[in-house]
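Have a look at target_27.csv; it's CSV, C-alpha atoms:
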```csv
chain,number,residue,atom,x,y,z
A,275,MET,CA,0.0,0.0,0.0
A,276,VAL,CA,1.3,3.5,-0.9
A,277,ALA,CA,0.8,6.0,1.9
A,278,ARG,CA,-1.4,9.0,0.8
A,279,GLY,CA,0.7,12.0,-0.2
A,280,LEU,CA,4.0,10.1,-0.7
A,281,ALA,CA,3.8,9.9,-4.5
A,282,ARG,CA,4.2,13.3,-6.1
A,283,SER,CA,4.4,14.2,-9.8
A,284,PRO,CA,7.7,15.9,-11.0
A,285,ARG,CA,5.8,19.2,-11.3
A,286,ARG,CA,4.5,18.9,-7.8
A,287,ALA,CA,7.9,18.1,-6.5
A,288,ARG,CA,9.4,21.1,-8.3
A,289,ARG,CA,6.9,23.4,-6.7
A,290,LEU,CA,7.9,22.1,-3.3
A,291,THR,CA,11.6,22.5,-3.8
A,292,LEU,CA,12.1,25.6,-5.9
A,293,PRO,CA,10.9,29.1,-5.4
A,294,PRO,CA,8.6,30.5,-8.1
A,295,LEU,CA,10.3,31.8,-11.3
A,296,ARG,CA,10.0,35.6,-11.3
A,297,LEU,CA,8.9,36.8,-14.7
A,298,LEU,CA,8.7,40.3,-16.3
A,299,ILE,CA,6.6,40.5,-19.5
A,300,ALA,CA,7.2,43.2,-22.0
A,301,ASP,CA,4.9,43.3,-25.1
A,302,ASP,CA,3.1,46.1,-26.8
A,303,HIS,CA,-0.2,44.3,-27.1
A,304,ARG,CA,-2.3,44.2,-23.9
A,305,LEU,CA,-4.1,41.1,-25.1
A,306,ILE,CA,-0.8,39.2,-25.5
A,307,VAL,CA,0.3,40.2,-22.0
A,308,GLU,CA,-2.9,39.0,-20.4
A,309,GLY,CA,-2.8,35.7,-22.4
A,310,ILE,CA,0.8,35.1,-21.3
A,311,LYS,CA,0.0,35.8,-17.7
A,312,ARG,CA,-2.9,33.3,-17.7
A,313,SER,CA,-0.8,30.7,-19.4
A,314,VAL,CA,2.3,30.9,-17.2
A,315,GLU,CA,0.6,31.5,-13.9
A,316,ALA,CA,-1.5,28.4,-14.4
A,317,SER,CA,1.7,26.3,-14.1
A,318,GLY,CA,1.9,27.3,-10.4
A,319,ASP,CA,5.7,27.8,-10.4
A,320,ILE,CA,5.9,31.1,-12.3
A,321,GLU,CA,5.1,34.5,-10.8
A,322,VAL,CA,4.6,37.6,-13.0
A,323,VAL,CA,6.3,40.3,-11.0
A,324,ALA,CA,6.0,43.1,-13.6
A,325,GLU,CA,4.6,43.9,-17.0
A,326,THR,CA,4.9,46.7,-19.5
A,327,GLN,CA,3.9,47.7,-23.0
A,328,ASN,CA,6.7,50.2,-23.3
A,329,GLY,CA,10.3,49.2,-24.0
A,330,ALA,CA,11.7,52.2,-22.2
A,331,LEU,CA,10.2,51.0,-18.9
A,332,VAL,CA,11.8,47.6,-18.9
A,333,LEU,CA,15.0,48.6,-17.3
A,334,PRO,CA,13.4,50.6,-14.4
A,335,LEU,CA,11.0,47.7,-13.8
A,336,ILE,CA,13.9,45.2,-13.6
A,337,ARG,CA,15.5,47.4,-10.9
A,338,ARG,CA,12.3,47.4,-8.9
A,339,SER,CA,11.0,43.9,-9.4
A,340,ASN,CA,14.2,41.8,-9.6
A,341,PRO,CA,13.0,39.2,-12.1
A,342,ASP,CA,14.8,36.0,-13.0
A,343,LEU,CA,13.6,36.2,-16.6
A,344,VAL,CA,12.3,38.8,-19.0
A,345,LEU,CA,9.9,37.8,-21.8
A,346,LEU,CA,10.5,40.5,-24.4
A,347,ASP,CA,8.8,41.4,-27.6
A,348,LEU,CA,10.9,42.8,-30.5
A,349,ARG,CA,8.5,45.6,-31.5
A,350,MET,CA,8.0,47.9,-28.6
A,351,PRO,CA,7.2,51.6,-28.4
A,352,GLY,CA,9.7,53.8,-26.5
A,353,MET,CA,12.6,51.4,-27.2
A,354,ASP,CA,12.9,48.5,-29.6
A,355,GLY,CA,13.4,45.0,-28.2
A,356,LEU,CA,16.9,44.5,-29.4
A,357,THR,CA,18.1,47.7,-27.8
A,358,VAL,CA,16.4,46.7,-24.6
A,359,LEU,CA,18.0,43.3,-24.8
A,360,GLU,CA,21.5,44.9,-25.1
A,361,GLN,CA,20.9,47.2,-22.1
A,362,ILE,CA,19.6,44.3,-20.0
A,363,LYS,CA,22.7,42.2,-20.7
A,364,ARG,CA,25.0,45.1,-20.0
A,365,GLU,CA,23.3,46.2,-16.7
A,366,HIS,CA,21.8,42.9,-15.5
A,367,PRO,CA,23.9,40.1,-16.9
A,368,ASN,CA,22.3,37.5,-14.6
A,369,VAL,CA,18.8,38.2,-15.9
A,370,LYS,CA,17.9,35.8,-18.7
A,371,VAL,CA,15.9,37.2,-21.6
A,372,VAL,CA,13.6,35.3,-23.9
A,373,ILE,CA,12.5,37.0,-27.1
A,374,LEU,CA,8.9,36.3,-28.0
A,375,SER,CA,8.2,37.4,-31.5
A,376,ALA,CA,6.0,36.7,-34.5
A,377,SER,CA,9.0,36.8,-36.8
A,378,SER,CA,10.7,33.6,-37.9
A,379,ASP,CA,13.3,35.4,-39.9
A,380,GLN,CA,16.6,33.5,-39.3
A,381,LYS,CA,18.6,36.7,-39.6
A,382,VAL,CA,16.5,38.3,-36.8
A,383,ILE,CA,16.8,35.1,-34.7
A,384,ARG,CA,20.6,35.0,-35.1
A,385,THR,CA,20.9,38.7,-34.2
A,386,ALA,CA,18.8,38.3,-31.0
A,387,LEU,CA,20.9,35.3,-29.9
A,388,SER,CA,24.2,37.0,-30.7
A,389,LYS,CA,23.1,40.0,-28.5
A,390,GLY,CA,22.6,37.7,-25.5
A,391,ALA,CA,19.0,36.3,-25.7
A,392,ALA,CA,18.8,33.0,-23.9
A,393,ALA,CA,16.0,31.9,-26.2
A,394,TYR,CA,13.9,32.9,-29.1
A,395,VAL,CA,10.3,31.7,-29.1
A,396,ILE,CA,7.8,32.2,-32.0
A,397,LYS,CA,4.4,33.6,-30.9
A,398,SER,CA,2.7,30.5,-32.5
A,399,VAL,CA,4.0,28.5,-29.5
A,400,ASN,CA,1.3,26.4,-27.8
A,401,PRO,CA,0.3,28.4,-24.7
A,402,ALA,CA,0.3,25.1,-22.8
A,403,ASP,CA,4.0,24.7,-23.5
A,404,LEU,CA,5.1,28.2,-22.7
A,405,ALA,CA,5.6,27.8,-18.9
A,406,SER,CA,7.7,24.7,-19.3
A,407,THR,CA,9.7,26.3,-22.1
A,408,LEU,CA,10.5,29.3,-19.8
A,409,ARG,CA,11.5,27.0,-16.9
A,410,GLN,CA,13.8,25.0,-19.2
A,411,VAL,CA,15.5,28.2,-20.3
A,412,VAL,CA,16.2,29.2,-16.7
A,413,ASP,CA,17.4,25.6,-16.0
A,414,GLY,CA,20.1,26.2,-18.7
A,415,ASN,CA,18.6,24.9,-21.9
A,416,VAL,CA,18.3,27.1,-25.0
A,417,PHE,CA,15.3,27.2,-27.3
A,418,HIS,CA,15.4,28.8,-30.7
A,419,PRO,CA,13.8,27.9,-34.0
A,420,SER,CA,17.0,27.5,-36.1
A,421,GLY,CA,17.8,24.4,-38.1
A,422,PRO,CA,16.0,22.8,-41.0
A,423,GLU,CA,12.4,23.9,-41.8
A,424,PRO,CA,9.7,21.4,-40.9
A,425,VAL,CA,8.1,19.5,-43.8
A,426,GLY,CA,4.8,17.7,-44.0
A,427,ASP,CA,1.2,18.9,-43.4
A,428,ARG,CA,1.2,22.0,-41.2
A,429,SER,CA,-2.6,21.8,-40.7
A,430,ALA,CA,-2.2,18.2,-39.4
A,431,ALA,CA,0.5,19.4,-37.0
A,432,ASP,CA,-1.7,22.2,-35.8
A,433,ALA,CA,-4.6,19.8,-35.2
A,434,ALA,CA,-2.3,17.7,-33.0
A,435,GLY,CA,-1.1,20.8,-31.1
A,436,LEU,CA,2.5,20.4,-32.3
A,437,THR,CA,4.8,23.4,-32.4
A,438,GLU,CA,7.2,24.0,-35.3
A,439,ARG,CA,10.1,22.9,-33.1
A,440,GLU,CA,8.3,19.7,-32.3
A,441,VAL,CA,7.6,19.0,-36.0
A,442,ALA,CA,11.3,19.6,-36.7
A,443,ILE,CA,12.2,17.0,-34.1
A,444,LEU,CA,9.7,14.5,-35.4
A,445,ASN,CA,11.3,14.9,-38.9
A,446,ALA,CA,14.7,14.4,-37.4
A,447,LEU,CA,13.4,11.2,-35.6
A,448,ALA,CA,12.0,10.0,-39.0
A,449,ARG,CA,15.5,10.3,-40.4
A,450,GLY,CA,16.8,8.0,-37.6
A,451,LEU,CA,18.7,10.7,-35.7
A,452,SER,CA,19.6,10.2,-32.0
A,453,ASN,CA,18.8,12.8,-29.4
A,454,GLN,CA,22.4,13.9,-29.4
A,455,ALA,CA,22.4,14.3,-33.2
A,456,ILE,CA,19.1,16.2,-33.1
A,457,GLY,CA,20.5,18.6,-30.5
A,458,LYS,CA,23.5,19.3,-32.6
A,459,GLU,CA,21.4,19.8,-35.8
A,460,LEU,CA,19.0,22.2,-34.0
A,461,PHE,CA,21.6,23.8,-31.8
A,462,VAL,CA,20.0,22.9,-28.5
A,463,ALA,CA,21.0,20.8,-25.5
A,464,GLU,CA,20.2,17.1,-25.5
A,465,GLN,CA,18.1,17.6,-22.4
A,466,THR,CA,16.0,20.1,-24.4
A,467,VAL,CA,15.4,17.4,-27.1
A,468,LYS,CA,14.2,15.1,-24.4
A,469,PHE,CA,11.9,17.8,-23.0
A,470,HIS,CA,10.3,18.2,-26.4
A,471,LEU,CA,10.0,14.5,-26.9
A,472,THR,CA,8.0,14.2,-23.7
A,473,ASN,CA,5.6,16.8,-25.1
A,474,ILE,CA,5.4,15.1,-28.5
A,475,TYR,CA,4.6,11.7,-26.9
A,476,ARG,CA,1.8,13.3,-24.9
A,477,LYS,CA,0.3,15.2,-27.8
A,478,LEU,CA,0.4,12.2,-30.1
A,479,ASN,CA,-0.5,9.7,-27.4
A,480,ALA,CA,2.6,7.7,-28.3
A,481,ALA,CA,4.6,5.4,-26.0
A,482,ASN,CA,8.0,5.9,-27.6
A,483,ARG,CA,9.9,7.5,-30.5
A,484,THR,CA,9.0,4.8,-33.0
A,485,GLU,CA,5.3,5.0,-32.3
A,486,ALA,CA,5.5,8.8,-32.4
A,487,VAL,CA,7.0,8.8,-35.9
A,488,ARG,CA,4.6,6.2,-37.1
A,489,LEU,CA,1.6,8.2,-35.9
A,490,ALA,CA,3.0,11.4,-37.3
A,491,TYR,CA,3.5,9.7,-40.7
A,492,GLN,CA,-0.1,8.3,-40.7
A,493,ARG,CA,-1.4,11.9,-40.1
A,494,GLY,CA,0.8,13.4,-42.8
A,495,ILE,CA,2.9,15.4,-40.4
A,496,VAL,CA,6.2,13.8,-41.5
A,497,ASP,CA,7.4,12.3,-44.7
A,498,ASN,CA,9.2,9.0,-45.4
A,499,PRO,CA,9.7,7.6,-41.9
A,500,MET,CA,12.6,5.3,-41.2
A,501,TYR,CA,10.4,3.5,-38.8
A,502,ASP,CA,7.6,2.0,-41.0
A,503,ASP,CA,5.9,-0.8,-39.1
```

For this file, write the structure as structure tokens.
Amino acid sequence: MVARGLARSPRRARRLTLPPLRLLIADDHRLIVEGIKRSVEASGDIEVVAETQNGALVLPLIRRSNPDLVLLDLRMPGMDGLTVLEQIKREHPNVKVVILSASSDQKVIRTALSKGAAAYVIKSVNPADLASTLRQVVDGNVFHPSGPEPVGDRSAADAAGLTEREVAILNALARGLSNQAIGKELFVAEQTVKFHLTNIYRKLNAANRTEAVRLAYQRGIVDNPMYDD
């Protein structure tokens, strides 16, 4: 018999052992800010300590609220996101910055990462995945949508709730790549690949990588799987 309360989920255990992640949100659209707040606060281990729609207010808010992480839009009134990013890294080098943008331009992504962004997240990210993504960034893993473009049926991927990064990983799996090889190809830590695989298995209701690729192939999400049962 298992005593009540002894078995805890990993998320529950994390809440008991780690303080909440302190987050500052900077985005020029009020609706986006409210949506992010609802999404991340539902996780239970992220606290939104400040928010602004003006780039010029980000630095003063960091000084007052002492966040662990800033979620920063690129297009901001008062001061653009890249300029804000440079100032944050110069004055508060221990504060991590995640760029949240609608742009998937690889040049823009590389510029943001070169200026010190810990991650670059496209605004099409599944809201249910955002909190976990931010926590992974703080834990030392880097998320950014570089690497090969996903192939297959995007509408089928959307129906399954898969992000562009998850589809890219599925395509890499279909080519028989290991977690380590996928990490090198997509410029992310191997632990980050494992994190995404966990989400992929959940969304596809798959038990392992072979079944995930097979189900993705059947739905038209990936092409020419190596694993064809």

- request: Could you give me, as a VMD selection string, the residues that sit within 12 Å of (4.9, 16.5, -23.1) in the file's coordinates, counting all atoms listed in the file?
  value: chain A and resid 400 402 to 404 406 to 407 435 to 437 440 466 to 482

- prompt: What does the distance from CA of Leu374 (chain A) to CA of Tyr394 (chain A) come to in Å, to one decimal?
  reply: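 CA of Leu374 (chain A) sits 6.1 Å away from CA of Tyr394 (chain A).
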
- prompt: In Å to one decimal, how far is CA of Val399 (chain A) from CA of Val358 (chain A)?
  reply: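 One can read the CA of Val358 (chain A) to CA of Val399 (chain A) distance as 22.6 Å.
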
- request: Would you mind reading off the distance between CA of Val369 (chain A) and CA of Ile306 (chain A), one decimal, in Å?
  value: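 Going from CA of Val369 (chain A) over to CA of Ile306 (chain A), I get 21.8 Å.
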
task: Identify, on the basis of only C-alpha atoms, every residue whose closest approach to Arg296 (chain A) does not exceed 9 Å; exclude the query and any residue fewer than 2 positions from it along the same chain; express the result as an MDAnalysis selection string.
output: chainID A and resid 293:294 298 319:324 339:344

message: For a quick check of your reading of the model, name the residues lying within 12 Å of the coordinate (-4.0, 16.5, -38.7), counting all atoms listed in the file, and write them as a VMD selection string.
response: chain A and resid 426 to 436 477 to 478 489 to 496

Surrounding residues of region 350-353 of chain A excluding itself and chain neighbours under 4 positions, 9 Å, only C-alpha atoms, as number ranges by chain: A: 300-302, 327-331, 346, 357-358
